[in-house]
Every structure is written in structure tokens, then in C-alpha cells.
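S.K.: Next comes the structure file input-v2.cif, holding mmCIF, C-alpha atoms.
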data_my_file
#
loop_
_atom_site.label_atom_id
_atom_site.label_comp_id
_atom_site.auth_asym_id
_atom_site.auth_seq_id
_atom_site.Cartn_x
_atom_site.Cartn_y
_atom_site.Cartn_z
CA MET F 285 100.46 83.30 73.05
CA LYS F 286 100.55 85.08 76.42
CA VAL F 287 96.76 85.05 76.54
CA LEU F 288 96.64 81.32 75.84
CA ARG F 289 99.21 80.69 78.57
CA SER F 290 97.16 82.77 81.06
CA ILE F 291 93.99 80.86 80.17
CA ALA F 292 95.85 77.57 80.64
CA VAL F 293 97.14 78.63 84.08
CA ILE F 294 93.67 79.74 85.23
CA ALA F 295 92.07 76.56 83.89
CA THR F 296 94.68 74.45 85.70
CA LEU F 297 94.10 76.31 88.97
CA LEU F 298 90.35 75.85 88.62
CA LEU F 299 90.78 72.15 87.90
CA VAL F 300 93.11 71.64 90.85
CA GLY F 301 90.83 73.69 93.05
CA THR F 302 87.80 71.67 92.00
CA LEU F 303 89.51 68.54 93.28
CA SER F 304 90.63 70.11 96.57
CA PRO F 305 89.10 69.23 99.97
CA ALA F 306 87.53 72.71 100.25
CA ARG F 307 84.80 71.48 97.92
CA ALA F 308 83.87 68.82 100.47
CA ALA F 309 82.12 71.43 102.64
CA GLU F 310 78.45 71.11 101.80
CA PRO F 311 75.46 72.90 103.32
CA PRO F 312 72.63 70.91 104.94
CA ALA F 313 70.73 69.05 102.24
CA VAL F 314 67.04 68.90 101.38
CA GLY F 315 65.32 66.13 103.34
CA HIS F 316 67.67 66.51 106.29
CA PRO F 317 66.94 68.38 109.52
CA VAL F 318 68.19 71.93 109.72
CA PRO F 319 70.80 72.38 112.50
CA ALA F 320 69.06 73.29 115.77
CA PHE F 321 70.83 76.54 116.56
CA THR F 322 69.93 79.25 119.02
CA TYR F 323 70.10 82.50 117.08
CA HIS F 324 71.17 85.90 118.37
CA LEU F 325 68.53 88.46 117.38
CA LEU F 326 68.86 92.20 116.94
CA GLY F 327 68.11 93.90 120.22
CA GLY F 328 69.87 91.24 122.25
CA SER F 329 67.20 88.54 122.58
CA ARG F 330 67.62 84.94 121.44
CA LEU F 331 65.59 82.65 119.23
CA SER F 332 65.74 79.08 120.45
CA PRO F 333 64.97 75.94 118.43
CA GLY F 334 61.99 75.38 120.73
CA THR F 335 60.36 78.62 119.57
CA LEU F 336 60.57 77.52 115.94
CA ARG F 337 59.57 73.92 116.55
CA GLY F 338 56.13 73.16 115.16
CA HIS F 339 56.22 76.08 112.72
CA PRO F 340 57.32 76.15 109.10
CA TYR F 341 59.83 78.90 108.45
CA VAL F 342 62.14 80.51 105.94
CA LEU F 343 65.74 80.60 107.19
CA TRP F 344 67.30 83.28 105.04
CA MET F 345 70.96 84.37 105.09
CA VAL F 346 71.98 87.79 103.87
CA ALA F 347 74.94 90.15 103.66
CA THR F 348 73.96 93.74 104.32
CA TRP F 349 76.04 95.27 101.50
CA CYS F 350 74.25 92.95 99.07
CA SER F 351 71.72 94.85 96.96
CA SER F 352 69.66 91.78 96.07
CA CYS F 353 69.34 90.99 99.80
CA GLU F 354 67.88 94.45 100.38
CA THR F 355 65.51 94.01 97.43
CA GLY F 356 64.51 90.61 98.82
CA SER F 357 63.70 92.19 102.20
CA ASN F 358 61.35 94.60 100.47
CA VAL F 359 59.67 91.73 98.60
CA VAL F 360 59.25 89.71 101.81
CA ALA F 361 57.90 92.83 103.54
CA SER F 362 55.19 93.14 100.93
CA HIS F 363 54.14 89.51 101.60
CA ILE F 364 54.79 89.20 105.32
CA ALA F 365 51.07 89.36 106.16
CA PHE F 366 50.42 86.49 103.71
CA LEU F 367 53.14 84.41 105.39
CA ARG F 368 51.74 85.20 108.82
CA ALA F 369 48.26 84.17 107.71
CA HIS F 370 49.75 80.85 106.59
CA GLY F 371 51.64 80.33 109.84
CA VAL F 372 55.05 80.76 108.21
CA ARG F 373 57.87 82.58 110.02
CA VAL F 374 60.82 84.33 108.46
CA VAL F 375 64.21 84.12 110.15
CA GLU F 376 66.41 86.65 108.34
CA MET F 377 70.00 86.32 109.49
CA GLN F 378 73.00 88.43 108.64
CA LEU F 379 75.98 86.22 107.75
CA ALA F 380 78.85 86.47 110.24
CA ASN F 381 80.84 89.67 109.64
CA ASP F 382 78.92 90.11 106.37
CA LEU F 383 81.28 87.55 104.77
CA GLY F 384 84.35 89.61 105.60
CA GLN F 385 83.17 93.07 104.59
CA PRO F 386 80.89 94.80 107.10
CA GLY F 387 77.92 96.52 105.49
CA PRO F 388 75.40 98.96 106.95
CA GLY F 389 73.92 96.25 109.20
CA LEU F 390 70.61 94.48 109.31
CA ALA F 391 68.97 97.35 111.21
CA SER F 392 69.21 99.38 107.99
CA PHE F 393 67.17 96.70 106.19
CA GLN F 394 64.59 96.83 108.99
CA LYS F 395 64.40 100.59 108.71
CA ALA F 396 64.00 100.38 104.92
CA VAL F 397 61.01 98.03 105.07
CA GLY F 398 59.26 100.12 107.72
CA ALA F 399 56.46 98.84 109.93
CA SER F 400 56.41 95.37 108.29
CA ALA F 401 59.75 94.63 109.97
CA LYS F 402 57.94 94.50 113.32
CA SER F 403 55.63 91.70 112.20
CA PRO F 404 55.70 89.04 114.95
CA ASN F 405 56.51 86.28 112.42
CA TRP F 406 59.69 88.05 111.21
CA TYR F 407 62.89 87.52 113.20
CA TRP F 408 66.07 89.47 112.48
CA GLY F 409 69.48 88.46 113.77
CA GLU F 410 73.11 87.68 113.06
CA LEU F 411 74.73 84.28 112.64
CA THR F 412 77.90 83.42 114.51
CA GLU F 413 80.92 82.27 112.52
CA ALA F 414 80.22 78.66 113.46
CA GLN F 415 76.57 78.95 112.40
CA THR F 416 77.59 80.59 109.12
CA ALA F 417 80.11 77.82 108.42
CA ALA F 418 77.47 75.16 109.13
CA LEU F 419 74.56 76.72 107.25
CA ASP F 420 76.41 78.45 104.43
CA PRO F 421 79.86 76.85 104.03
CA LYS F 422 80.03 77.91 100.39
CA GLY F 423 79.78 81.59 101.28
CA ASP F 424 76.75 82.32 99.11
CA MET F 425 74.66 85.33 100.01
CA ASP F 426 70.92 85.83 99.71
CA VAL F 427 70.19 82.10 100.07
CA TYR F 428 67.45 80.45 102.10
CA TYR F 429 66.16 77.16 103.43
CA LEU F 430 62.46 76.37 103.52
CA VAL F 431 61.98 74.39 106.74
CA ASP F 432 58.80 72.49 107.59
CA ALA F 433 57.12 72.26 111.00
CA HIS F 434 59.24 69.18 111.84
CA GLY F 435 62.47 71.07 111.28
CA LYS F 436 63.20 69.28 108.00
CA ILE F 437 64.57 71.16 105.00
CA VAL F 438 61.99 71.08 102.21
CA ALA F 439 63.89 73.17 99.68
CA THR F 440 66.79 75.56 99.29
CA SER F 441 66.99 78.50 96.96
CA GLY F 442 68.05 82.13 96.82
CA ASN F 443 67.02 85.64 95.89
CA PRO F 444 63.44 85.91 97.23
CA ALA F 445 62.91 88.82 94.84
CA VAL F 446 63.18 86.32 91.99
CA THR F 447 61.92 83.15 93.65
CA TRP F 448 59.00 84.50 95.66
CA ASP F 449 56.66 82.04 93.90
CA ALA F 450 58.54 79.11 95.49
CA ILE F 451 58.12 80.61 98.96
CA GLU F 452 54.44 81.22 98.30
CA ARG F 453 53.93 77.60 97.17
CA PHE F 454 55.78 76.41 100.28
CA ALA F 455 53.55 78.52 102.54
CA THR F 456 50.40 77.30 100.82
CA ALA F 457 51.50 73.66 101.01
CA GLN F 458 52.45 73.92 104.69
CA HIS F 459 49.13 75.54 105.51
CA ALA F 460 47.06 72.89 103.70
CA MET S 55 86.51 117.10 68.48
CA GLY S 56 85.76 118.57 65.06
CA GLN S 57 87.61 115.67 63.53
CA ALA S 58 85.38 113.23 65.42
CA PHE S 59 82.21 114.93 64.13
CA ARG S 60 83.65 114.84 60.62
CA GLY S 61 84.23 111.11 61.00
CA ILE S 62 80.63 110.55 62.09
CA SER S 63 79.36 112.72 59.26
CA LEU S 64 81.43 110.85 56.68
CA THR S 65 80.19 107.49 57.94
CA PHE S 66 76.51 108.39 57.77
CA THR S 67 76.60 110.26 54.46
CA GLY S 68 79.06 108.14 52.53
CA SER S 69 78.47 105.22 50.22
CA ARG S 70 78.34 102.77 53.12
CA ARG S 71 75.79 104.71 55.13
CA GLY S 72 73.16 101.96 54.83
CA ARG S 73 75.48 99.54 56.58
CA ALA S 74 76.33 102.17 59.21
CA TYR S 75 72.66 102.78 60.01
CA ALA S 76 71.96 99.04 60.12
CA ILE S 77 74.80 98.42 62.58
CA THR S 78 73.98 101.40 64.77
CA LEU S 79 70.24 100.79 64.98
CA GLY S 80 70.13 96.99 64.69
CA LEU S 81 73.06 95.96 66.84
CA GLY S 82 72.49 98.96 69.10
CA SER S 83 68.93 97.82 69.85
CA VAL S 84 70.08 94.28 70.66
CA ILE S 85 72.84 95.46 73.01
CA THR S 86 70.52 98.03 74.61
CA ALA S 87 67.89 95.33 75.24
CA PHE S 88 70.54 93.21 76.95
CA TYR S 89 71.67 96.07 79.20
CA LEU S 90 68.10 97.05 80.08
CA VAL S 91 68.00 93.71 81.91
CA MET S 92 71.67 93.50 82.91
CA LEU S 93 72.12 96.87 84.60
CA PRO S 94 69.37 96.43 87.22
CA SER S 95 70.14 92.71 87.69
CA SER S 96 72.32 93.30 90.75
CA ALA S 97 69.06 94.13 92.56
CA VAL S 98 67.85 90.58 92.03
CA GLY S 99 71.14 88.70 92.27
CA GLY S 100 71.71 87.72 88.65
CA PHE S 101 70.50 88.09 85.09
CA SER S 102 66.73 87.74 85.15
CA LEU S 103 63.83 89.42 83.38
CA ILE S 104 62.44 90.22 86.83
CA ALA S 105 65.25 92.79 86.99
CA LEU S 106 63.11 94.94 84.67
CA HIS S 107 60.93 95.72 87.71
CA TYR S 108 63.94 97.53 89.17
CA LEU S 109 64.87 99.46 86.03
CA THR S 110 65.14 103.18 86.80
CA PRO S 111 65.22 106.02 84.22
CA PRO S 112 68.97 106.64 84.78
CA LEU S 113 69.72 102.94 84.25
CA ALA S 114 67.56 102.88 81.11
CA LEU S 115 69.46 105.88 79.75
CA ALA S 116 72.78 104.22 80.59
CA ALA S 117 71.67 101.02 78.82
CA ALA S 118 70.73 102.98 75.69
CA ALA S 119 73.99 104.94 75.78
CA LEU S 120 76.03 101.75 76.11
CA GLY S 121 74.09 99.86 73.44
CA TYR S 122 73.79 102.51 70.76
CA GLY S 123 77.15 104.06 71.68
CA PHE S 124 79.06 100.83 71.21
CA ALA S 125 77.17 100.08 67.98
CA LEU S 126 78.02 103.58 66.73
CA ALA S 127 81.71 103.01 67.46
CA LEU S 128 81.51 99.72 65.59
CA ALA S 129 79.77 101.37 62.63
CA LEU S 130 82.45 104.07 62.50
CA ASN S 131 85.17 101.44 62.54
CA GLU S 132 83.40 99.40 59.88
CA GLY S 133 83.14 102.50 57.70
CA ALA S 134 86.88 103.03 57.64
CA LEU S 135 88.30 102.15 54.24
CA THR S 136 92.03 102.24 54.80
CA GLN S 137 92.60 101.60 58.51
CA ARG S 138 90.54 100.77 61.56
CA SER S 139 91.09 101.80 65.19
CA ARG S 140 91.92 98.71 67.21
CA ALA S 141 92.08 100.88 70.32
CA ALA S 142 88.46 101.98 69.80
CA GLY S 143 87.32 98.36 69.64
CA ALA S 144 89.28 97.38 72.72
CA VAL S 145 88.12 100.36 74.81
CA GLY S 146 84.51 99.83 73.71
CA ILE S 147 84.51 96.14 74.57
CA GLY S 148 86.21 96.93 77.88
CA GLY S 149 83.44 99.40 78.61
CA LEU S 150 80.73 96.86 77.83
CA LEU S 151 82.37 94.24 80.06
CA ALA S 152 82.79 96.65 82.98
CA ALA S 153 79.04 97.26 83.01
CA VAL S 154 78.38 93.53 83.28
CA LEU S 155 80.53 93.05 86.38
CA PRO S 156 78.25 94.42 89.16
CA GLY S 157 75.22 92.42 88.05
CA SER S 158 77.11 89.19 87.59
CA LEU S 159 79.60 89.30 90.46
CA CYS S 160 77.76 91.05 93.30
CA CYS S 161 75.27 88.89 95.18
CA THR S 162 75.78 85.78 93.07
CA SER S 163 77.70 82.59 93.82
CA VAL S 164 80.42 83.36 91.26
CA ILE S 165 82.99 84.84 93.68
CA PRO S 166 82.68 82.22 96.46
CA SER S 167 82.61 79.41 93.88
CA LEU S 168 85.75 80.79 92.25
CA LEU S 169 87.49 81.04 95.62
CA ALA S 170 86.51 77.45 96.45
CA ALA S 171 87.62 76.28 93.02
CA LEU S 172 91.00 77.88 93.65
CA GLY S 173 91.32 75.77 96.78
CA ALA S 174 90.38 78.33 99.46
CA SER S 175 89.30 76.84 102.80
CA VAL S 176 85.80 77.45 104.18
CA PRO S 177 86.97 80.16 106.66
CA THR S 178 88.88 81.87 103.85
CA VAL S 179 85.85 81.79 101.56
CA LEU S 180 83.60 83.13 104.34
CA GLY S 181 86.08 85.86 105.23
CA THR S 182 87.03 86.92 101.70
CA THR S 183 83.87 86.71 99.60
CA GLY S 184 82.46 89.91 101.07
CA LYS S 185 85.71 91.82 100.52
CA ILE S 186 85.56 91.09 96.79
CA ALA S 187 81.84 90.88 96.02
CA SER S 188 80.96 94.02 97.98
CA ILE S 189 83.21 96.10 95.68
CA PHE S 190 80.78 95.43 92.84
CA ALA S 191 77.80 96.33 95.04
CA VAL S 192 79.23 99.45 96.64
CA TYR S 193 80.85 100.83 93.48
CA GLU S 194 78.16 99.74 91.01
CA ASN S 195 77.61 103.30 89.78
CA VAL S 196 81.34 103.80 89.30
CA PHE S 197 81.49 100.69 87.11
CA ILE S 198 78.60 101.96 85.01
CA ALA S 199 80.17 105.43 84.73
CA ALA S 200 83.48 103.87 83.69
CA SER S 201 81.63 101.80 81.08
CA LEU S 202 79.98 104.88 79.65
CA ALA S 203 83.33 106.66 79.57
CA GLY S 204 84.89 103.67 77.80
CA VAL S 205 82.19 103.54 75.16
CA GLY S 206 82.33 107.33 74.74
CA LEU S 207 86.08 107.19 74.25
CA SER S 208 85.74 104.36 71.73
CA ILE S 209 83.34 106.53 69.69
CA VAL S 210 85.80 109.44 69.68
CA LEU S 211 88.75 107.19 68.75
CA ALA S 212 86.82 105.45 65.98
CA ALA S 213 85.41 108.73 64.64
CA ARG S 214 88.84 110.39 64.55
CA THR S 215 90.29 107.41 62.75
CA CYS S 216 87.36 107.45 60.36
CA ALA S 217 87.89 111.14 59.60
CA THR S 218 91.13 110.18 57.92
CA SER S 219 90.19 106.71 56.71
CA CYS S 220 86.53 106.89 55.67
CA THR S 221 87.39 108.61 52.42
CA ILE S 222 89.74 107.47 49.72
CA PRO S 223 92.92 109.56 50.01
CA PRO S 224 93.26 112.06 47.12
CA HIS S 225 96.50 110.52 45.93
CA GLN S 226 94.75 107.15 45.51
CA LYS S 227 91.74 108.50 43.62
CA GLY S 228 91.61 107.38 40.03
CA THR S 229 94.27 104.72 40.50
#
Starting from the file, lay out its structure as C-alpha cells.
M.R.:
Amino acid sequence: MKVLRSIAVIATLLLVGTLSPARAAEPPAVGHPVPAFTYHLLGGSRLSPGTLRGHPYVLWMVATWCSSCETGSNVVASHIAFLRAHGVRVVEMQLANDLGQPGPGLASFQKAVGASAKSPNWYWGELTEAQTAALDPKGDMDVYYLVDAHGKIVATSGNPAVTWDAIERFATAQHA
Amino acid sequence: MGQAFRGISLTFTGSRRGRAYAITLGLGSVITAFYLVMLPSSAVGGFSLIALHYLTPPLALAAAALGYGFALALALNEGALTQRSRAAGAVGIGGLLAAVLPGSLCCTSVIPSLLAALGASVPTVLGTTGKIASIFAVYENVFIAASLAGVGLSIVLAARTCATSCTIPPHQKGT
């Protein structure tokens, strides 16, 4: 009986929560322009919207304690030359404060992937809290936007280690 | 410990040994196959066959130990004639569930979705998700070790119960 009561309480909380205003926060949708932010990069430089304009790119948001994010970095590293050849840039951004639990930092991901991290089409940085709230209001990690040369979101997905095919198709289509 | 070995011996030599082998090998293989994908799935952010690319020998051994270990505990419990160990079942299932947590809760949208469903605001979700989800990433090996301990304990509990319950008590023989 106690178990049934606990299930009922949890189900009620979930139902009430589903109807709450917090669910109204939605990330930018496919077909809409991605917010034109200036990003803070590792090493202190900045990446302005003007630098990205005219280039398709993958805007990827990670937490540095997240093992699938690290795996994804390795997968992207093994294909970064392909993306460069197709004119696609990768903007890998650490979510603000690693979603509340600081991890080892994005520099550790860079170190793990080795020389590929220095590819000129791969940018590494950290989102501010405001940028995180705008781009990832749901608090998901290891998610990305595929953005075309006009700054419009073509697709959203996550886990490049699993969805690399989608990124490859995007790069091929943008290059055609 | 001797009692546990006696319980295992009784189960696999007694009249219901065919059933015991079927449960241990059949169910054990199914559960092992599941964990061969589940255990490395935290590396790819959820249950996916691609996780097999990230399967390491220690994880493969852990998957086999969980799968065949739990099935063995179940076979021992099934072999008991007079009483079964409910504790063995509970500890074994707890062990299996603990091993699922890192792969399903770290690096997936489950935690932030749950927080949002409970009515948490966006800043709360963004400031709390990492605190919870990172536990499953950072302590993944601890969860797997705890799972193995749980399954191991369930085998011992079931085997000890079986040692006294897998044979018909002398005073009941011939009645």
C-alpha cells in the first residue's frame, strides 16, 4: 500500500510539474536563426557572429564531467579534417558552470584529442549563464545545433558519437 | 561459505538440475547481452548498440558476472523446495538496477526533464542537473562494483537458503 501511495505522489508531482510554466522554456527551434552571440573562447579570445557568418557550423554544448561528451570530442576529432574539407566549423562550448557541477574543464578534452584540437575550424569556449539559458534552457548536455551558412538552424540532435552520420550528411549537403 | 557451496551443489545435481541449468545459461545469456550494451552506454549518452564500440574487457567481465550471477541466484531460489530467500531476490534485483543507473542517468535528458517536470525553474534546472547527473558519471565504477556485490550477495543468500530447502527434510520423507 505504501508503494502504491509513493507512486501516486510521484505521478501527481510529475503531472503538476508538466503543467508548470517551467516547461514553457524552449530552445531555439529548427528553421529559426540561432541567437547571434559572441562566445568566450579558451585562451581569452572571442568568437563573434561575424566570424561565423557565411559558414555552416556545429554548435555543440557539453559538460566536462559528461563521459559521452568526451567520447563525442574524440569522434569529432577523428572527422575534423573531413569537416574542414567541407567548410564546416565546430563550436564546442562548455555549458555555464558545467550545469552546476564543475568538471575537469574543456582544456582536458582538448588535451585528450591531441593535435586535432588545434584544427582552425574547431573553436573551444564556455557559454555564459545567459547564453546557456537561451541555447539550452532544458539543461540537456551533449546536444548540438547544425547551423547553415545563413545562421539558420537546420537540425538539432545530441551525442555526436551516436549521431555522427547526421553531422556528415549535414556537411555533405552544405558543401554541395 | 560451505553451506553456500552445498546449496549450489544440491541445485545442480538434484532432480531439478535441468531447470537450474536452463535458467542459469538461458536467462544469464539474455541478461549478459543486455549489460554488454548497457554498461558502456554512458560513453555514448544512452542505450545504443554503438556502445559496443566502447566495451572494455573489464566491462565485459562485469556484464557476464551480473548476467550469469543473477541468473544463478534465481536458479538457486527456484530450486528451493520448502522456502525461498526473498532477500536474495531483492538484493539481486537491486544490484541489477544499480548497474543501469550510470548509463541511463548520466549524460541523458532524464535528470533535467525530471527536474522540469517537478516544476523547477530554468536557473534551477541549469544549476542542479550537473550536481545530480555528474554523480553517475564520476562514480560509475562504484555503481558497477556495488551491483556486483549485490548480485554476489544474492547468490550467497539464495545458496544458503537452498542448502536447507533444496532437499526434502528427513522428517517429511515418506509422508
S.K.: Mind running chain S against chain F at 9 Å and telling me each contacting residue's nearest atom pair with the distance in Å (one decimal), counting only C-alpha atoms, chain and number ascending, as JSON lines?
M.R.:
{"residue": "S:Ser95", "atom": "CA", "partner": "F:Ser352", "partner_atom": "CA", "distance": 8.4}
{"residue": "S:Ser96", "atom": "CA", "partner": "F:Ser352", "partner_atom": "CA", "distance": 6.1}
{"residue": "S:Ala97", "atom": "CA", "partner": "F:Ser352", "partner_atom": "CA", "distance": 4.3}
{"residue": "S:Val98", "atom": "CA", "partner": "F:Ser352", "partner_atom": "CA", "distance": 4.6}
{"residue": "S:Gly99", "atom": "CA", "partner": "F:Ser352", "partner_atom": "CA", "distance": 5.1}
{"residue": "S:Gly100", "atom": "CA", "partner": "F:Ser352", "partner_atom": "CA", "distance": 8.7}
{"residue": "S:Ser102", "atom": "CA", "partner": "F:Val446", "partner_atom": "CA", "distance": 7.8}
{"residue": "S:Ile104", "atom": "CA", "partner": "F:Val446", "partner_atom": "CA", "distance": 6.5}
{"residue": "S:Ala105", "atom": "CA", "partner": "F:Val446", "partner_atom": "CA", "distance": 8.4}
{"residue": "S:Cys160", "atom": "CA", "partner": "F:Cys350", "partner_atom": "CA", "distance": 7.0}
{"residue": "S:Cys161", "atom": "CA", "partner": "F:Cys350", "partner_atom": "CA", "distance": 5.7}
{"residue": "S:Thr162", "atom": "CA", "partner": "F:Asp424", "partner_atom": "CA", "distance": 7.0}
{"residue": "S:Ser163", "atom": "CA", "partner": "F:Asp424", "partner_atom": "CA", "distance": 5.4}
{"residue": "S:Val164", "atom": "CA", "partner": "F:Asp424", "partner_atom": "CA", "distance": 8.7}
{"residue": "S:Ile165", "atom": "CA", "partner": "F:Asp424", "partner_atom": "CA", "distance": 8.6}
{"residue": "S:Pro166", "atom": "CA", "partner": "F:Gly423", "partner_atom": "CA", "distance": 5.7}
{"residue": "S:Ser167", "atom": "CA", "partner": "F:Lys422", "partner_atom": "CA", "distance": 7.2}
{"residue": "S:Leu168", "atom": "CA", "partner": "F:Leu298", "partner_atom": "CA", "distance": 7.7}
{"residue": "S:Leu169", "atom": "CA", "partner": "F:Gly301", "partner_atom": "CA", "distance": 8.5}
{"residue": "S:Ala170", "atom": "CA", "partner": "F:Ala306", "partner_atom": "CA", "distance": 6.2}
{"residue": "S:Ala171", "atom": "CA", "partner": "F:Gly301", "partner_atom": "CA", "distance": 4.1}
{"residue": "S:Leu172", "atom": "CA", "partner": "F:Gly301", "partner_atom": "CA", "distance": 4.2}
{"residue": "S:Gly173", "atom": "CA", "partner": "F:Gly301", "partner_atom": "CA", "distance": 4.3}
{"residue": "S:Ala174", "atom": "CA", "partner": "F:Ala306", "partner_atom": "CA", "distance": 6.4}
{"residue": "S:Ser175", "atom": "CA", "partner": "F:Ala306", "partner_atom": "CA", "distance": 5.2}
{"residue": "S:Val176", "atom": "CA", "partner": "F:Pro421", "partner_atom": "CA", "distance": 6.0}
{"residue": "S:Pro177", "atom": "CA", "partner": "F:Ala417", "partner_atom": "CA", "distance": 7.5}
{"residue": "S:Val179", "atom": "CA", "partner": "F:Gly423", "partner_atom": "CA", "distance": 6.1}
{"residue": "S:Leu180", "atom": "CA", "partner": "F:Leu383", "partner_atom": "CA", "distance": 5.0}
{"residue": "S:Gly181", "atom": "CA", "partner": "F:Gly384", "partner_atom": "CA", "distance": 4.1}
{"residue": "S:Thr182", "atom": "CA", "partner": "F:Gly384", "partner_atom": "CA", "distance": 5.4}
{"residue": "S:Thr183", "atom": "CA", "partner": "F:Leu383", "partner_atom": "CA", "distance": 5.8}
{"residue": "S:Gly184", "atom": "CA", "partner": "F:Leu383", "partner_atom": "CA", "distance": 4.5}
{"residue": "S:Lys185", "atom": "CA", "partner": "F:Gln385", "partner_atom": "CA", "distance": 5.0}
{"residue": "S:Ile186", "atom": "CA", "partner": "F:Gln385", "partner_atom": "CA", "distance": 8.4}
{"residue": "S:Ala187", "atom": "CA", "partner": "F:Cys350", "partner_atom": "CA", "distance": 8.4}
{"residue": "S:Ser188", "atom": "CA", "partner": "F:Trp349", "partner_atom": "CA", "distance": 6.2}
{"residue": "S:Ala191", "atom": "CA", "partner": "F:Cys350", "partner_atom": "CA", "distance": 6.3}
{"residue": "S:Val192", "atom": "CA", "partner": "F:Trp349", "partner_atom": "CA", "distance": 7.2}
S.K.: Between F:Trp344, F:Ala401, F:Tyr407, F:Arg373, which has the minimum distance to Ser329 of chain F (counting only C-alpha atoms)?
M.R.: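 So, comparing all the options, the nearest one is F:Tyr407.
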S.K.: Between atom CA of Val210 of chain S and atom CA of Leu130 of chain S, what is the distance in Å, rounded to a tenth?
M.R.: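 Calculated distance between atom CA of Val210 of chain S and atom CA of Leu130 of chain S is 9.6 Å.
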S.K.: Check what the PyMOL selection byres ((chain F and resi 432) around 8) selects in the file above and give those residues as a CSV table (one decimal) with C-alpha atoms, in the frame of the given file.
M.R.:
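Written out: expr_8.csv:
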chain,number,residue,atom,x,y,z
F,339,HIS,CA,56.2,76.1,112.7
F,340,PRO,CA,57.3,76.2,109.1
F,341,TYR,CA,59.8,78.9,108.4
F,430,LEU,CA,62.5,76.4,103.5
F,431,VAL,CA,62.0,74.4,106.7
F,433,ALA,CA,57.1,72.3,111.0
F,434,HIS,CA,59.2,69.2,111.8
F,435,GLY,CA,62.5,71.1,111.3
F,436,LYS,CA,63.2,69.3,108.0
F,437,ILE,CA,64.6,71.2,105.0
F,438,VAL,CA,62.0,71.1,102.2
F,458,GLN,CA,52.4,73.9,104.7
S.K.: Please evaluate the PyMOL selection byres ((chain F and resi 318) around 9) against the displayed coordinates and give the resulting residues as a list of chain:residue names.
M.R.: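 What the PyMOL selection byres ((chain F and resi 318) around 9) grabs from the file is F:Pro312, F:Ala313, F:Val314, F:His316, F:Pro317, F:Pro319, F:Ala320, F:Phe321, F:Leu419, F:Tyr429, F:Val431, F:Gly435, F:Lys436, F:Ile437.
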S.K.: What is the distance, in Å and to one decimal place, between atom CA of Gly82 of chain S and atom CA of Ser208 of chain S?
M.R.: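 Spanning atom CA of Gly82 of chain S to atom CA of Ser208 of chain S is a straight-line distance of 14.5 Å.
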S.K.: Separation of atom CA of Glu194 of chain S and atom CA of Pro388 of chain F, in Å?
M.R.: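 These two atoms are separated by 16.2 Å.
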S.K.: List the residues matched by the PyMOL selection byres ((chain S and resi 120-129) around 9) in the displayed structure as a PDB file with C-alpha atoms, keeping the file's coordinate frame, ordered by chain and then by residue number.
M.R.:
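To be explicit, this is the file written out as selection.pdb:
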ATOM      1  CA  ILE S  62      80.630 110.550  62.090  1.00  0.00           C
ATOM      2  CA  THR S  65      80.190 107.490  57.940  1.00  0.00           C
ATOM      3  CA  ARG S  73      75.480  99.540  56.580  1.00  0.00           C
ATOM      4  CA  ALA S  74      76.330 102.170  59.210  1.00  0.00           C
ATOM      5  CA  TYR S  75      72.660 102.780  60.010  1.00  0.00           C
ATOM      6  CA  ALA S  76      71.960  99.040  60.120  1.00  0.00           C
ATOM      7  CA  ILE S  77      74.800  98.420  62.580  1.00  0.00           C
ATOM      8  CA  THR S  78      73.980 101.400  64.770  1.00  0.00           C
ATOM      9  CA  LEU S  79      70.240 100.790  64.980  1.00  0.00           C
ATOM     10  CA  GLY S  80      70.130  96.990  64.690  1.00  0.00           C
ATOM     11  CA  LEU S  81      73.060  95.960  66.840  1.00  0.00           C
ATOM     12  CA  GLY S  82      72.490  98.960  69.100  1.00  0.00           C
ATOM     13  CA  SER S  83      68.930  97.820  69.850  1.00  0.00           C
ATOM     14  CA  VAL S  84      70.080  94.280  70.660  1.00  0.00           C
ATOM     15  CA  ILE S  85      72.840  95.460  73.010  1.00  0.00           C
ATOM     16  CA  THR S  86      70.520  98.030  74.610  1.00  0.00           C
ATOM     17  CA  ALA S  87      67.890  95.330  75.240  1.00  0.00           C
ATOM     18  CA  PHE S  88      70.540  93.210  76.950  1.00  0.00           C
ATOM     19  CA  TYR S  89      71.670  96.070  79.200  1.00  0.00           C
ATOM     20  CA  LEU S 115      69.460 105.880  79.750  1.00  0.00           C
ATOM     21  CA  ALA S 116      72.780 104.220  80.590  1.00  0.00           C
ATOM     22  CA  ALA S 117      71.670 101.020  78.820  1.00  0.00           C
ATOM     23  CA  ALA S 118      70.730 102.980  75.690  1.00  0.00           C
ATOM     24  CA  ALA S 119      73.990 104.940  75.780  1.00  0.00           C
ATOM     25  CA  LEU S 130      82.450 104.070  62.500  1.00  0.00           C
ATOM     26  CA  ASN S 131      85.170 101.440  62.540  1.00  0.00           C
ATOM     27  CA  GLU S 132      83.400  99.400  59.880  1.00  0.00           C
ATOM     28  CA  GLY S 133      83.140 102.500  57.700  1.00  0.00           C
ATOM     29  CA  ALA S 134      86.880 103.030  57.640  1.00  0.00           C
ATOM     30  CA  ALA S 142      88.460 101.980  69.800  1.00  0.00           C
ATOM     31  CA  GLY S 143      87.320  98.360  69.640  1.00  0.00           C
ATOM     32  CA  GLY S 146      84.510  99.830  73.710  1.00  0.00           C
ATOM     33  CA  ILE S 147      84.510  96.140  74.570  1.00  0.00           C
ATOM     34  CA  GLY S 149      83.440  99.400  78.610  1.00  0.00           C
ATOM     35  CA  LEU S 150      80.730  96.860  77.830  1.00  0.00           C
ATOM     36  CA  ALA S 153      79.040  97.260  83.010  1.00  0.00           C
ATOM     37  CA  SER S 201      81.630 101.800  81.080  1.00  0.00           C
ATOM     38  CA  LEU S 202      79.980 104.880  79.650  1.00  0.00           C
ATOM     39  CA  VAL S 205      82.190 103.540  75.160  1.00  0.00           C
ATOM     40  CA  GLY S 206      82.330 107.330  74.740  1.00  0.00           C
ATOM     41  CA  SER S 208      85.740 104.360  71.730  1.00  0.00           C
ATOM     42  CA  ILE S 209      83.340 106.530  69.690  1.00  0.00           C
ATOM     43  CA  VAL S 210      85.800 109.440  69.680  1.00  0.00           C
ATOM     44  CA  LEU S 211      88.750 107.190  68.750  1.00  0.00           C
ATOM     45  CA  ALA S 212      86.820 105.450  65.980  1.00  0.00           C
ATOM     46  CA  ALA S 213      85.410 108.730  64.640  1.00  0.00           C
TER      47      ALA S 213
END
S.K.: Need the shell around Ala460 of chain F: protein/DNA/RNA residues with any atom at most 9 Å away, counting only C-alpha atoms. Skip same-chain ones fewer than 4 positions apart. Format as a list in words?
M.R.: His370, Ala455 and Thr456 of chain F
S.K.: When distances are computed from all atoms listed in the file, which of S:Leu113, S:Thr218, S:Leu151, S:Arg138 shows the smallest separation from Asn195 of chain S?
M.R.: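 Nearest to Asn195 of chain S: S:Leu113.
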S.K.: Measuring atom to atom with only C-alpha atoms, identify which of F:His324, F:Val342, F:Leu336, F:Ser357 is nearest to Ala450 of chain F.
M.R.: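 Going through F:His324, F:Val342, F:Leu336, F:Ser357 one by one, the smallest distance to Ala450 of chain F is for F:Val342.
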